[in-house]
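K.L.:
start-v8.tsv is the file, holding TSV, C-alpha atoms:
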```
chain	number	residue	atom	x	y	z
A	1	MET	CA	-10.60	-11.29	36.70
A	2	LYS	CA	-10.64	-13.21	33.43
A	3	GLN	CA	-8.74	-11.36	30.74
A	4	GLN	CA	-10.77	-10.79	27.61
A	5	ARG	CA	-9.45	-12.44	24.44
A	6	PRO	CA	-8.46	-9.82	21.83
A	7	ALA	CA	-11.00	-9.56	19.02
A	8	VAL	CA	-8.37	-10.25	16.38
A	9	LEU	CA	-7.78	-13.74	17.84
A	10	SER	CA	-11.44	-14.66	17.73
A	11	GLU	CA	-12.65	-17.62	15.71
A	12	GLN	CA	-15.32	-15.30	14.33
A	13	LEU	CA	-12.76	-13.03	12.71
A	14	LEU	CA	-10.84	-15.99	11.33
A	15	LEU	CA	-14.06	-17.36	9.78
A	16	SER	CA	-14.87	-13.97	8.34
A	17	VAL	CA	-11.40	-13.59	6.78
A	18	ALA	CA	-11.46	-17.15	5.39
A	19	GLU	CA	-14.88	-16.57	3.85
A	20	GLN	CA	-13.72	-13.26	2.37
A	21	LEU	CA	-10.57	-14.73	0.83
A	22	LYS	CA	-12.62	-17.18	-1.19
A	23	VAL	CA	-13.81	-14.27	-3.35
A	24	PRO	CA	-10.44	-13.15	-4.82
A	25	LEU	CA	-9.21	-16.74	-5.08
A	26	LEU	CA	-12.31	-17.68	-7.03
A	27	GLN	CA	-11.93	-14.62	-9.27
A	28	ILE	CA	-8.36	-15.65	-10.09
A	29	ALA	CA	-9.26	-19.32	-10.64
A	30	ARG	CA	-12.10	-18.51	-13.03
A	31	GLN	CA	-10.12	-15.89	-14.95
A	32	ALA	CA	-7.30	-18.39	-15.44
A	33	GLU	CA	-9.80	-21.01	-16.58
A	34	LEU	CA	-11.41	-18.57	-19.01
A	35	GLY	CA	-8.04	-17.92	-20.59
A	36	ARG	CA	-7.39	-21.64	-20.89
A	37	LEU	CA	-10.85	-22.51	-22.29
A	38	THR	CA	-11.06	-19.69	-24.78
A	39	PRO	CA	-7.70	-18.73	-26.25
A	40	SER	CA	-9.45	-15.87	-28.05
A	41	GLU	CA	-10.19	-14.30	-24.63
A	42	PRO	CA	-6.85	-12.97	-23.38
A	43	VAL	CA	-6.27	-13.25	-19.64
A	44	ASP	CA	-5.98	-9.86	-17.99
A	45	LEU	CA	-2.80	-10.42	-16.00
A	46	ARG	CA	-2.93	-6.94	-14.46
A	47	GLN	CA	-6.40	-7.69	-13.09
A	48	ILE	CA	-5.23	-11.00	-11.67
A	49	GLN	CA	-2.29	-9.26	-10.03
A	50	THR	CA	-4.55	-6.61	-8.47
A	51	THR	CA	-6.89	-9.28	-7.15
A	52	ALA	CA	-4.06	-11.35	-5.69
A	53	ASP	CA	-2.43	-8.26	-4.15
A	54	MET	CA	-5.72	-7.34	-2.48
A	55	ALA	CA	-6.07	-10.82	-1.00
A	56	VAL	CA	-2.49	-10.86	0.27
A	57	ARG	CA	-2.85	-7.42	1.86
A	58	LEU	CA	-6.02	-8.41	3.67
A	59	LEU	CA	-4.33	-11.55	4.93
A	60	ASP	CA	-1.25	-9.55	5.96
A	61	ASN	CA	-3.35	-7.05	7.86
A	62	TYR	CA	-5.17	-9.84	9.66
A	63	LEU	CA	-1.87	-11.53	10.55
A	64	PHE	CA	-0.44	-8.23	11.74
A	65	GLY	CA	-3.27	-7.95	14.26
A	66	ALA	CA	-3.21	-11.64	15.19
A	67	ARG	CA	0.56	-11.72	15.82
A	68	LEU	CA	0.28	-8.62	17.92
A	69	ALA	CA	-2.50	-10.18	19.96
A	70	LEU	CA	-0.36	-13.24	20.66
A	71	GLU	CA	2.29	-11.08	22.33
A	72	ASP	CA	2.15	-10.57	26.09
A	73	ASP	CA	1.50	-6.88	25.89
A	74	TYR	CA	-1.43	-6.56	23.47
A	75	GLN	CA	-1.01	-2.92	22.69
A	76	LEU	CA	0.39	-1.11	19.71
A	77	THR	CA	3.02	1.50	20.49
A	78	LEU	CA	1.65	4.94	19.86
A	79	GLU	CA	3.85	7.46	18.12
A	80	PRO	CA	3.45	10.82	16.39
A	81	VAL	CA	1.97	10.08	12.99
A	82	SER	CA	1.22	12.35	10.06
A	83	LEU	CA	-2.38	11.69	9.11
A	84	SER	CA	-1.93	13.18	5.63
A	85	SER	CA	0.86	10.77	4.84
A	86	VAL	CA	-1.06	7.74	6.15
A	87	LEU	CA	-4.11	8.65	4.07
A	88	TYR	CA	-1.97	9.26	0.99
A	89	ASP	CA	-0.26	5.87	1.33
A	90	THR	CA	-3.62	4.19	1.97
A	91	GLY	CA	-4.89	5.73	-1.27
A	92	GLN	CA	-1.85	4.39	-3.12
A	93	GLN	CA	-2.53	0.86	-1.85
A	94	LEU	CA	-6.21	0.99	-2.72
A	95	ASP	CA	-5.90	2.65	-6.12
A	96	ALA	CA	-5.66	-0.44	-8.36
A	97	THR	CA	-8.55	-2.23	-6.62
A	98	ALA	CA	-10.71	0.88	-6.83
A	99	LYS	CA	-10.10	1.05	-10.59
A	100	LEU	CA	-10.93	-2.65	-10.94
A	101	TYR	CA	-14.28	-2.13	-9.22
A	102	GLY	CA	-15.04	1.12	-11.05
A	103	VAL	CA	-14.82	3.26	-7.92
A	104	ASP	CA	-13.39	6.81	-8.01
A	105	LEU	CA	-10.98	7.16	-5.13
A	106	ARG	CA	-10.32	10.65	-3.81
A	107	LEU	CA	-8.16	12.12	-1.11
A	108	SER	CA	-9.60	15.00	0.88
A	109	LEU	CA	-7.31	16.76	3.29
A	110	GLY	CA	-8.95	20.13	3.76
A	111	GLY	CA	-7.01	21.94	6.47
A	112	LYS	CA	-3.66	21.54	8.08
A	113	PHE	CA	-3.43	18.77	10.61
A	114	GLY	CA	-0.63	18.30	13.09
A	115	PRO	CA	0.58	14.84	14.05
A	116	VAL	CA	-1.72	12.48	15.91
A	117	LEU	CA	-0.97	9.79	18.45
A	118	ALA	CA	-1.31	6.47	16.64
A	119	ASN	CA	0.61	3.52	15.39
A	120	ARG	CA	1.41	4.17	11.76
A	121	GLN	CA	1.40	0.58	10.56
A	122	GLY	CA	-1.71	-0.22	12.58
A	123	LEU	CA	-3.63	2.79	11.33
A	124	GLN	CA	-2.68	2.18	7.73
A	125	SER	CA	-3.51	-1.56	7.93
A	126	ALA	CA	-6.91	-0.70	9.40
A	127	LEU	CA	-7.70	1.91	6.74
A	128	VAL	CA	-6.57	-0.31	3.86
A	129	SER	CA	-8.66	-3.25	5.12
A	130	LEU	CA	-11.66	-0.99	5.56
A	131	GLY	CA	-11.12	0.53	2.12
A	132	TYR	CA	-11.11	-2.86	0.41
A	133	ALA	CA	-14.37	-3.82	2.07
A	134	LEU	CA	-16.04	-0.58	0.98
A	135	ILE	CA	-14.66	-0.68	-2.58
A	136	GLU	CA	-16.08	-4.16	-3.05
A	137	ALA	CA	-19.45	-3.13	-1.61
A	138	LEU	CA	-20.00	0.24	-3.27
A	139	PRO	CA	-20.87	-0.75	-6.86
A	140	ASN	CA	-23.97	-2.57	-5.58
A	141	LEU	CA	-25.13	0.33	-3.46
A	142	SER	CA	-24.88	3.21	-5.84
A	143	PRO	CA	-26.71	3.60	-9.13
A	144	ARG	CA	-24.02	5.93	-10.42
A	145	ARG	CA	-20.25	5.44	-10.59
A	146	PRO	CA	-19.40	5.43	-6.87
A	147	THR	CA	-16.86	7.68	-5.21
A	148	LEU	CA	-14.86	6.86	-2.12
A	149	GLN	CA	-13.13	9.62	-0.22
A	150	LEU	CA	-10.22	9.17	2.15
A	151	ALA	CA	-10.57	12.10	4.49
A	152	ALA	CA	-9.62	13.66	7.80
A	153	HIS	CA	-11.38	16.30	9.81
A	154	ARG	CA	-11.36	17.75	13.29
A	155	CYS	CA	-13.93	16.76	15.85
A	156	ARG	CA	-14.55	17.52	19.52
A	157	TYR	CA	-12.28	14.69	20.66
A	158	GLY	CA	-9.41	15.02	18.22
A	159	LEU	CA	-9.01	14.20	14.56
A	160	VAL	CA	-11.08	11.73	12.58
A	161	ALA	CA	-9.50	9.66	9.81
A	162	GLY	CA	-12.03	7.80	7.74
A	163	ILE	CA	-13.36	6.58	4.43
A	164	TYR	CA	-16.54	8.14	3.10
A	165	SER	CA	-19.07	7.79	0.32
A	166	GLU	CA	-22.56	8.92	-0.61
A	167	VAL	CA	-23.99	5.59	0.49
A	168	GLU	CA	-26.52	6.03	3.29
A	169	GLN	CA	-26.33	2.38	4.38
A	170	LEU	CA	-23.22	3.15	6.43
A	171	THR	CA	-25.12	3.55	9.68
A	172	THR	CA	-24.40	2.99	13.36
A	173	GLU	CA	-27.14	0.36	13.39
A	174	ALA	CA	-25.59	-1.55	10.46
A	175	LEU	CA	-22.21	-1.58	12.20
A	176	ARG	CA	-23.75	-2.62	15.54
A	177	GLN	CA	-25.65	-5.47	13.88
A	178	GLY	CA	-22.54	-6.50	11.96
A	179	ARG	CA	-20.43	-6.72	15.13
A	180	LYS	CA	-23.15	-8.81	16.72
A	181	LEU	CA	-23.54	-11.18	13.78
A	182	TYR	CA	-20.03	-11.64	12.45
A	183	GLY	CA	-18.78	-15.18	12.75
A	184	HIS	CA	-22.38	-16.36	13.01
A	185	SER	CA	-23.66	-15.09	9.70
A	186	ARG	CA	-22.02	-15.34	6.26
A	187	GLN	CA	-23.11	-11.80	5.62
A	188	PRO	CA	-23.12	-9.84	8.88
A	189	LEU	CA	-23.30	-6.47	7.11
A	190	ALA	CA	-26.15	-7.56	4.86
A	191	THR	CA	-27.37	-4.06	4.05
A	192	LEU	CA	-23.88	-3.02	3.06
A	193	THR	CA	-22.06	-5.88	1.36
A	194	HIS	CA	-22.68	-9.28	-0.19
A	195	THR	CA	-19.45	-10.62	1.32
A	196	SER	CA	-18.42	-11.38	4.90
A	197	GLY	CA	-17.12	-7.80	5.12
A	198	ALA	CA	-13.96	-9.08	6.79
A	199	GLY	CA	-12.05	-5.88	6.05
A	200	VAL	CA	-14.37	-3.93	8.34
A	201	PHE	CA	-13.81	-6.36	11.22
A	202	VAL	CA	-10.04	-6.59	10.68
A	203	ALA	CA	-9.93	-2.78	10.86
A	204	ASP	CA	-12.06	-2.85	13.99
A	205	ALA	CA	-9.76	-5.36	15.70
A	206	ILE	CA	-6.54	-3.50	14.80
A	207	LEU	CA	-7.95	-0.20	15.99
A	208	GLN	CA	-8.87	-1.78	19.32
A	209	ALA	CA	-5.20	-2.60	19.79
A	210	MET	CA	-4.52	1.12	19.40
A	211	ASP	CA	-7.04	1.88	22.13
A	212	SER	CA	-9.24	3.26	19.43
A	213	GLN	CA	-12.44	2.16	17.74
A	214	LEU	CA	-14.10	2.02	14.36
A	215	LYS	CA	-17.05	4.38	14.30
A	216	VAL	CA	-19.69	5.59	11.91
A	217	SER	CA	-18.76	9.10	10.89
A	218	ARG	CA	-19.95	11.93	8.64
A	219	HIS	CA	-17.72	14.11	6.54
A	220	HIS	CA	-19.45	17.08	4.93
A	221	LYS	CA	-22.47	15.37	3.35
A	222	LEU	CA	-20.86	11.96	3.07
A	223	TYR	CA	-21.33	8.81	5.17
A	224	GLY	CA	-18.45	6.70	6.31
A	225	LEU	CA	-16.46	4.74	8.82
A	226	GLY	CA	-13.50	6.14	10.64
A	227	THR	CA	-11.62	6.43	13.87
A	228	VAL	CA	-10.95	9.25	16.27
A	229	LEU	CA	-7.29	9.92	16.96
A	230	ARG	CA	-5.88	12.06	19.70
A	231	SER	CA	-4.03	15.13	18.56
A	232	ASN	CA	-1.56	16.80	20.83
A	233	PRO	CA	-0.32	20.32	20.15
A	234	GLN	CA	3.05	19.38	21.68
A	235	LEU	CA	3.49	16.73	19.02
A	236	ALA	CA	3.52	19.43	16.39
A	237	LEU	CA	7.00	20.30	17.61
A	238	VAL	CA	8.27	16.76	17.16
B	1	MET	CA	-27.86	-24.84	-31.39
B	2	THR	CA	-29.21	-21.34	-30.85
B	3	GLY	CA	-28.03	-19.30	-27.94
B	4	MET	CA	-30.28	-18.52	-25.00
B	5	ASP	CA	-31.06	-15.25	-23.24
B	6	ILE	CA	-29.54	-15.67	-19.81
B	7	LEU	CA	-29.81	-13.43	-16.78
B	8	LEU	CA	-26.80	-13.73	-14.49
B	9	VAL	CA	-27.56	-12.47	-11.00
B	10	GLU	CA	-24.12	-12.01	-9.48
B	11	PRO	CA	-23.10	-9.27	-7.02
B	12	ASP	CA	-19.34	-9.44	-7.56
B	13	ILE	CA	-18.55	-7.34	-10.61
B	14	VAL	CA	-15.23	-9.04	-11.37
B	15	LEU	CA	-16.62	-12.56	-11.18
B	16	ALA	CA	-19.77	-11.54	-13.05
B	17	GLU	CA	-17.71	-10.27	-15.97
B	18	THR	CA	-15.65	-13.47	-16.12
B	19	LEU	CA	-18.78	-15.65	-16.07
B	20	ARG	CA	-20.42	-13.42	-18.67
B	21	ARG	CA	-17.48	-13.76	-21.04
B	22	ALA	CA	-17.43	-17.54	-20.62
B	23	VAL	CA	-21.16	-18.02	-21.21
B	24	ASN	CA	-21.13	-15.44	-24.01
B	25	GLY	CA	-18.28	-17.33	-25.66
B	26	ALA	CA	-20.49	-20.42	-25.73
B	27	GLY	CA	-22.97	-18.54	-27.91
B	28	HIS	CA	-25.47	-17.26	-25.33
B	29	ARG	CA	-26.60	-13.72	-24.67
B	30	VAL	CA	-25.93	-12.68	-21.08
B	31	ARG	CA	-27.26	-9.79	-19.05
B	32	ILE	CA	-25.92	-9.10	-15.56
B	33	ALA	CA	-27.88	-7.96	-12.49
B	34	ARG	CA	-25.94	-7.30	-9.29
B	35	THR	CA	-28.83	-6.97	-6.86
B	36	ALA	CA	-32.28	-8.52	-6.41
B	37	GLN	CA	-33.86	-5.21	-7.41
B	38	MET	CA	-31.82	-5.02	-10.61
B	39	ALA	CA	-32.72	-8.64	-11.35
B	40	VAL	CA	-36.47	-7.99	-11.08
B	41	GLU	CA	-36.09	-4.96	-13.35
B	42	ALA	CA	-34.07	-7.03	-15.84
B	43	VAL	CA	-36.74	-9.76	-15.98
B	44	ASP	CA	-39.39	-7.10	-16.40
B	45	THR	CA	-37.50	-5.61	-19.35
B	46	ALA	CA	-37.08	-8.94	-21.15
B	47	VAL	CA	-37.94	-12.37	-19.81
B	48	PRO	CA	-34.80	-14.54	-19.84
B	49	GLU	CA	-34.75	-18.20	-20.81
B	50	LEU	CA	-32.54	-19.07	-17.84
B	51	ILE	CA	-31.55	-17.33	-14.61
B	52	ILE	CA	-28.24	-18.12	-12.91
B	53	LEU	CA	-28.56	-16.87	-9.35
B	54	GLU	CA	-26.26	-16.15	-6.39
B	55	LEU	CA	-28.12	-16.26	-3.08
B	56	GLN	CA	-25.80	-13.99	-1.14
B	57	MET	CA	-26.60	-10.45	-2.23
B	58	VAL	CA	-26.76	-7.06	-0.61
B	59	SER	CA	-30.05	-6.03	1.08
B	60	HIS	CA	-32.30	-8.69	-0.47
B	61	SER	CA	-31.14	-12.30	-0.73
B	62	GLY	CA	-31.51	-14.61	-3.69
B	63	ILE	CA	-34.30	-16.42	-1.85
B	64	GLU	CA	-36.24	-13.16	-1.49
B	65	PHE	CA	-35.73	-12.56	-5.20
B	66	LEU	CA	-37.11	-16.03	-5.97
B	67	TYR	CA	-40.26	-15.38	-3.91
B	68	GLU	CA	-40.73	-12.07	-5.74
B	69	LEU	CA	-40.12	-13.70	-9.13
B	70	ARG	CA	-42.53	-16.54	-8.56
B	71	SER	CA	-45.25	-14.22	-7.30
B	72	TYR	CA	-45.80	-13.11	-10.91
B	73	HIS	CA	-47.79	-15.52	-13.01
B	74	ASP	CA	-45.80	-14.88	-16.19
B	75	TRP	CA	-42.48	-15.58	-14.49
B	76	GLN	CA	-43.30	-18.83	-12.75
B	77	ASP	CA	-41.74	-21.10	-15.35
B	78	ILE	CA	-38.42	-19.37	-15.90
B	79	PRO	CA	-35.79	-21.98	-15.04
B	80	VAL	CA	-33.44	-20.95	-12.25
B	81	VAL	CA	-30.06	-22.47	-11.48
B	82	ILE	CA	-28.38	-21.47	-8.24
B	83	LEU	CA	-24.64	-20.81	-8.35
B	84	SER	CA	-23.74	-19.71	-4.86
B	85	HIS	CA	-21.06	-19.22	-2.22
B	86	VAL	CA	-23.51	-20.83	0.19
B	87	PRO	CA	-22.75	-24.57	0.42
B	88	PRO	CA	-25.75	-26.65	-0.66
B	89	GLY	CA	-25.57	-28.57	2.63
B	90	GLU	CA	-27.05	-25.51	4.33
B	91	PHE	CA	-30.18	-25.99	2.25
B	92	SER	CA	-30.52	-29.74	2.67
B	93	GLY	CA	-33.56	-29.24	4.90
B	94	SER	CA	-35.29	-26.90	2.49
B	95	TRP	CA	-34.39	-28.44	-0.86
B	96	GLN	CA	-38.01	-29.40	-1.43
B	97	LEU	CA	-39.04	-25.77	-0.94
B	98	LEU	CA	-36.39	-24.57	-3.38
B	99	ARG	CA	-37.31	-27.13	-6.00
B	100	GLU	CA	-41.07	-27.37	-5.74
B	101	GLU	CA	-42.16	-23.94	-4.59
B	102	LEU	CA	-39.43	-21.73	-5.99
B	103	GLY	CA	-38.70	-23.68	-9.16
B	104	VAL	CA	-34.98	-24.13	-8.67
B	105	ARG	CA	-33.72	-26.67	-11.22
B	106	ALA	CA	-30.20	-27.18	-9.90
B	107	TYR	CA	-27.90	-26.00	-7.11
B	108	HIS	CA	-24.18	-25.54	-7.69
B	109	TYR	CA	-21.61	-24.55	-5.09
B	110	LYS	CA	-19.55	-21.75	-6.61
B	111	SER	CA	-16.21	-22.87	-5.18
B	112	ARG	CA	-16.54	-26.25	-6.86
B	113	THR	CA	-18.15	-25.23	-10.13
B	114	SER	CA	-15.65	-24.63	-12.88
B	115	LEU	CA	-16.59	-22.63	-15.97
B	116	LYS	CA	-16.57	-25.87	-17.94
B	117	LYS	CA	-19.09	-27.39	-15.55
B	118	LEU	CA	-21.22	-24.24	-15.62
B	119	LEU	CA	-21.31	-24.29	-19.42
B	120	GLY	CA	-22.39	-27.92	-19.26
B	121	VAL	CA	-25.26	-26.94	-16.95
B	122	VAL	CA	-26.32	-24.08	-19.21
B	123	ASN	CA	-26.21	-26.27	-22.31
B	124	GLN	CA	-28.55	-28.80	-20.69
B	125	PHE	CA	-31.24	-26.17	-20.84
B	126	VAL	CA	-30.66	-25.58	-24.54
B	127	VAL	CA	-31.32	-29.23	-25.25
B	128	VAL	CA	-34.43	-29.30	-23.08
B	129	SER	CA	-35.96	-26.13	-24.54
```
As a first step, turn the structure in this file into structure tokens.

P.N.:
Amino acid sequence: MKQQRPAVLSEQLLLSVAEQLKVPLLQIARQAELGRLTPSEPVDLRQIQTTADMAVRLLDNYLFGARLALEDDYQLTLEPVSLSSVLYDTGQQLDATAKLYGVDLRLSLGGKFGPVLANRQGLQSALVSLGYALIEALPNLSPRRPTLQLAAHRCRYGLVAGIYSEVEQLTTEALRQGRKLYGHSRQPLATLTHTSGAGVFVADAILQAMDSQLKVSRHHKLYGLGTVLRSNPQLALV
Amino acid sequence: MTGMDILLVEPDIVLAETLRRAVNGAGHRVRIARTAQMAVEAVDTAVPELIILELQMVSHSGIEFLYELRSYHDWQDIPVVILSHVPPGEFSGSWQLLREELGVRAYHYKSRTSLKKLLGVVNQFVVVS
């Protein structure tokens, strides 16, 4: 039986990431040029740093998945992971970009969650990549100042960790279409973002290596994308 | 030289602000629209003297916006310059449509268009008008 090539090694994902990285690089190039052309317009170095950091993190997360896929055993080691701490750290990494795009970032951890079976680095890389994609998309989808919520909740199959907003365009159909089109279209998630949405597909690929999947999810009245993680009561003792 | 009223249709808020500051600094008045819907509303509020347009936008593309724009009699002559992530080579087959039916005056690939070059493009329209 022919072994299926991991999604993170696909040419489609590489194209999507390359297309996405043009955006921050162009932002930096034009900001630098503005500062050079008009000395009266000071260059916002903090903004340039945030933009560059975002690009490097996306690239790092992609490489994390790609290197893993090149190993013989394409599977991330699962370990007991504290969901609260992963979401908190994800929020820390996304904070500066959220401010740059005028998005209010919130952390919602209603309830006490025990550890889940996941790979900490994998889960965090996936959530950060996903968060970047949504932060960049949200200002064009919401007439008001958008809010993005990092949240966890229980579901029938375990615990869901995801990123949520009021934006109704986060639908199963949009994600299905996006998966079908990415690599073939410049804008596979056309109802959601003006970019290639690479962060969504990087997250998808990393989660697959954790035997998990990116899914459309609801949290209270919010719409979002997240992943279901297995909780195990025995892990609570670890 | 008097400044023009320019509508910048650009979905990326960081890039839009940088372009706005550059064009503003050259003496023009710039309004920003991030979506096709916002762009139609902006034109309806005050007709610009030039539109700088990205094609890749959320929900409705720049091409859809152009069809909508040109469907109104009063808006048929507003000059439009495309400044897009989409390489112009992808439109080589439909350049005639863009130019003759949709009134696109010039097409610039964003990756290769510096602010200096963009200001040069904008200033061409000041001379013409």

K.L.:
Can you check which residues of chain A have any atom within 8 Å of chain B? Use all atoms listed in the file and format it as an MDAnalysis selection string.

P.N.:
chainID A and resid 22 26:27 30:31 33:34 37:38 100:101 136 139:140 187 190:195

K.L.:
Could you pull the residues within 12 Å of Asp53 of chain A, counting all atoms listed in the file, minus those fewer than 6 positions along the same chain, as a PyMOL selection string?

P.N.:
chain A and resi 21+24-25+28+46-47+59-60+93-97+132

K.L.:
One decimal, in Å: what's the spacing between atom CA of Asp44 of chain A and atom CA of Lys99 of chain A?

P.N.:
13.8 Å

K.L.:
Work out how far atom CA of Ala151 of chain A is from atom CA of His219 of chain A, in Å to one decimal.

P.N.:
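Computed distance, atom CA of His219 of chain A to atom CA of Ala151 of chain A, equals 7.7 Å.
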
K.L.:
Which residues come within 10 Å of Val202 of chain A, counting all atoms listed in the file, excluding same-chain residues fewer than 2 positions away, as a ChimeraX atom specification?

P.N.:
/A:7-8,13-14,16-17,58-59,61-66,125-130,197-200,204-208

K.L.:
Keeping only C-alpha atoms, write the selected residues to a file as a tab-separated table (two decimals), in the coordinates of the input.

P.N.:
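Output (part29.tsv):
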```
chain	number	residue	atom	x	y	z
A	7	ALA	CA	-11.00	-9.56	19.02
A	8	VAL	CA	-8.37	-10.25	16.38
A	13	LEU	CA	-12.76	-13.03	12.71
A	14	LEU	CA	-10.84	-15.99	11.33
A	16	SER	CA	-14.87	-13.97	8.34
A	17	VAL	CA	-11.40	-13.59	6.78
A	58	LEU	CA	-6.02	-8.41	3.67
A	59	LEU	CA	-4.33	-11.55	4.93
A	61	ASN	CA	-3.35	-7.05	7.86
A	62	TYR	CA	-5.17	-9.84	9.66
A	63	LEU	CA	-1.87	-11.53	10.55
A	64	PHE	CA	-0.44	-8.23	11.74
A	65	GLY	CA	-3.27	-7.95	14.26
A	66	ALA	CA	-3.21	-11.64	15.19
A	125	SER	CA	-3.51	-1.56	7.93
A	126	ALA	CA	-6.91	-0.70	9.40
A	127	LEU	CA	-7.70	1.91	6.74
A	128	VAL	CA	-6.57	-0.31	3.86
A	129	SER	CA	-8.66	-3.25	5.12
A	130	LEU	CA	-11.66	-0.99	5.56
A	197	GLY	CA	-17.12	-7.80	5.12
A	198	ALA	CA	-13.96	-9.08	6.79
A	199	GLY	CA	-12.05	-5.88	6.05
A	200	VAL	CA	-14.37	-3.93	8.34
A	204	ASP	CA	-12.06	-2.85	13.99
A	205	ALA	CA	-9.76	-5.36	15.70
A	206	ILE	CA	-6.54	-3.50	14.80
A	207	LEU	CA	-7.95	-0.20	15.99
A	208	GLN	CA	-8.87	-1.78	19.32
```

K.L.:
Centre and edge lengths, as JSON, for the axis-aligned box enclosing every listed atom of segment 103-110 of chain A with 3 Å of padding on each of the six sides, in Å to one decimal?

P.N.:
```
{"center_x": -11.1, "center_y": 11.7, "center_z": -2.1, "size_x": 13.5, "size_y": 22.9, "size_z": 17.8}
```

K.L.:
I want to know what sits within 8 Å of segment 70-80 of chain B, based on all atoms listed in the file, with residues of the same chain fewer than 4 positions away left out; could you give that as a list in words?

P.N.:
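Residues meeting the cut-off are Val47, Pro48, Glu49, Leu50, Ile51, Ile52, Leu53, Leu66, Leu102, Gly103, Val104, Arg105 and Ala106 of chain B.
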
K.L.:
Find the residue from A:Leu159, A:Leu9, A:Leu150, A:Leu123 that sits nearest to Ile135 of chain A; use only C-alpha atoms when measuring.

P.N.:
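The shortest atom-to-atom distance to Ile135 of chain A comes from A:Leu150.
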
K.L.:
At a cut-off of 12 Å, using all atoms listed in the file, what residues contact Ser85 of chain A? Leave out same-chain residues fewer than 2 positions from it and give the result as a PyMOL selection string.

P.N.:
chain A and resi 80-83+87-92+107-109+113-116+120-121+123-124+150-152+161

K.L.:
Got time to write the residues from that selection, C-alpha atoms, as a PDB file, in the frame of the given file?

P.N.:
```pdb
ATOM      1  CA  PRO A  80       3.450  10.820  16.390  1.00  0.00           C
ATOM      2  CA  VAL A  81       1.970  10.080  12.990  1.00  0.00           C
ATOM      3  CA  SER A  82       1.220  12.350  10.060  1.00  0.00           C
ATOM      4  CA  LEU A  83      -2.380  11.690   9.110  1.00  0.00           C
ATOM      5  CA  LEU A  87      -4.110   8.650   4.070  1.00  0.00           C
ATOM      6  CA  TYR A  88      -1.970   9.260   0.990  1.00  0.00           C
ATOM      7  CA  ASP A  89      -0.260   5.870   1.330  1.00  0.00           C
ATOM      8  CA  THR A  90      -3.620   4.190   1.970  1.00  0.00           C
ATOM      9  CA  GLY A  91      -4.890   5.730  -1.270  1.00  0.00           C
ATOM     10  CA  GLN A  92      -1.850   4.390  -3.120  1.00  0.00           C
ATOM     11  CA  LEU A 107      -8.160  12.120  -1.110  1.00  0.00           C
ATOM     12  CA  SER A 108      -9.600  15.000   0.880  1.00  0.00           C
ATOM     13  CA  LEU A 109      -7.310  16.760   3.290  1.00  0.00           C
ATOM     14  CA  PHE A 113      -3.430  18.770  10.610  1.00  0.00           C
ATOM     15  CA  GLY A 114      -0.630  18.300  13.090  1.00  0.00           C
ATOM     16  CA  PRO A 115       0.580  14.840  14.050  1.00  0.00           C
ATOM     17  CA  VAL A 116      -1.720  12.480  15.910  1.00  0.00           C
ATOM     18  CA  ARG A 120       1.410   4.170  11.760  1.00  0.00           C
ATOM     19  CA  GLN A 121       1.400   0.580  10.560  1.00  0.00           C
ATOM     20  CA  LEU A 123      -3.630   2.790  11.330  1.00  0.00           C
ATOM     21  CA  GLN A 124      -2.680   2.180   7.730  1.00  0.00           C
ATOM     22  CA  LEU A 150     -10.220   9.170   2.150  1.00  0.00           C
ATOM     23  CA  ALA A 151     -10.570  12.100   4.490  1.00  0.00           C
ATOM     24  CA  ALA A 152      -9.620  13.660   7.800  1.00  0.00           C
ATOM     25  CA  ALA A 161      -9.500   9.660   9.810  1.00  0.00           C
TER      26      ALA A 161
END
```

K.L.:
Can you measure atom CA of Gly224 of chain A to atom CA of Asp211 of chain A for me? One decimal in Å is fine.

P.N.:
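Calculated distance between atom CA of Gly224 of chain A and atom CA of Asp211 of chain A is 20.1 Å.
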
K.L.:
When distances are computed from only C-alpha atoms, which of A:Leu78, A:Ala32, A:Gln20, A:Arg144 shows the smallest separation from Leu45 of chain A?

P.N.:
A:Ala32

K.L.:
Could you tell me which of A:Val167, A:Ser10, A:Ala174, A:Tyr157 comes closest to Tyr223 of chain A if we count all atoms listed in the file?

P.N.:
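Under the stated criterion, the closest residue is A:Val167.
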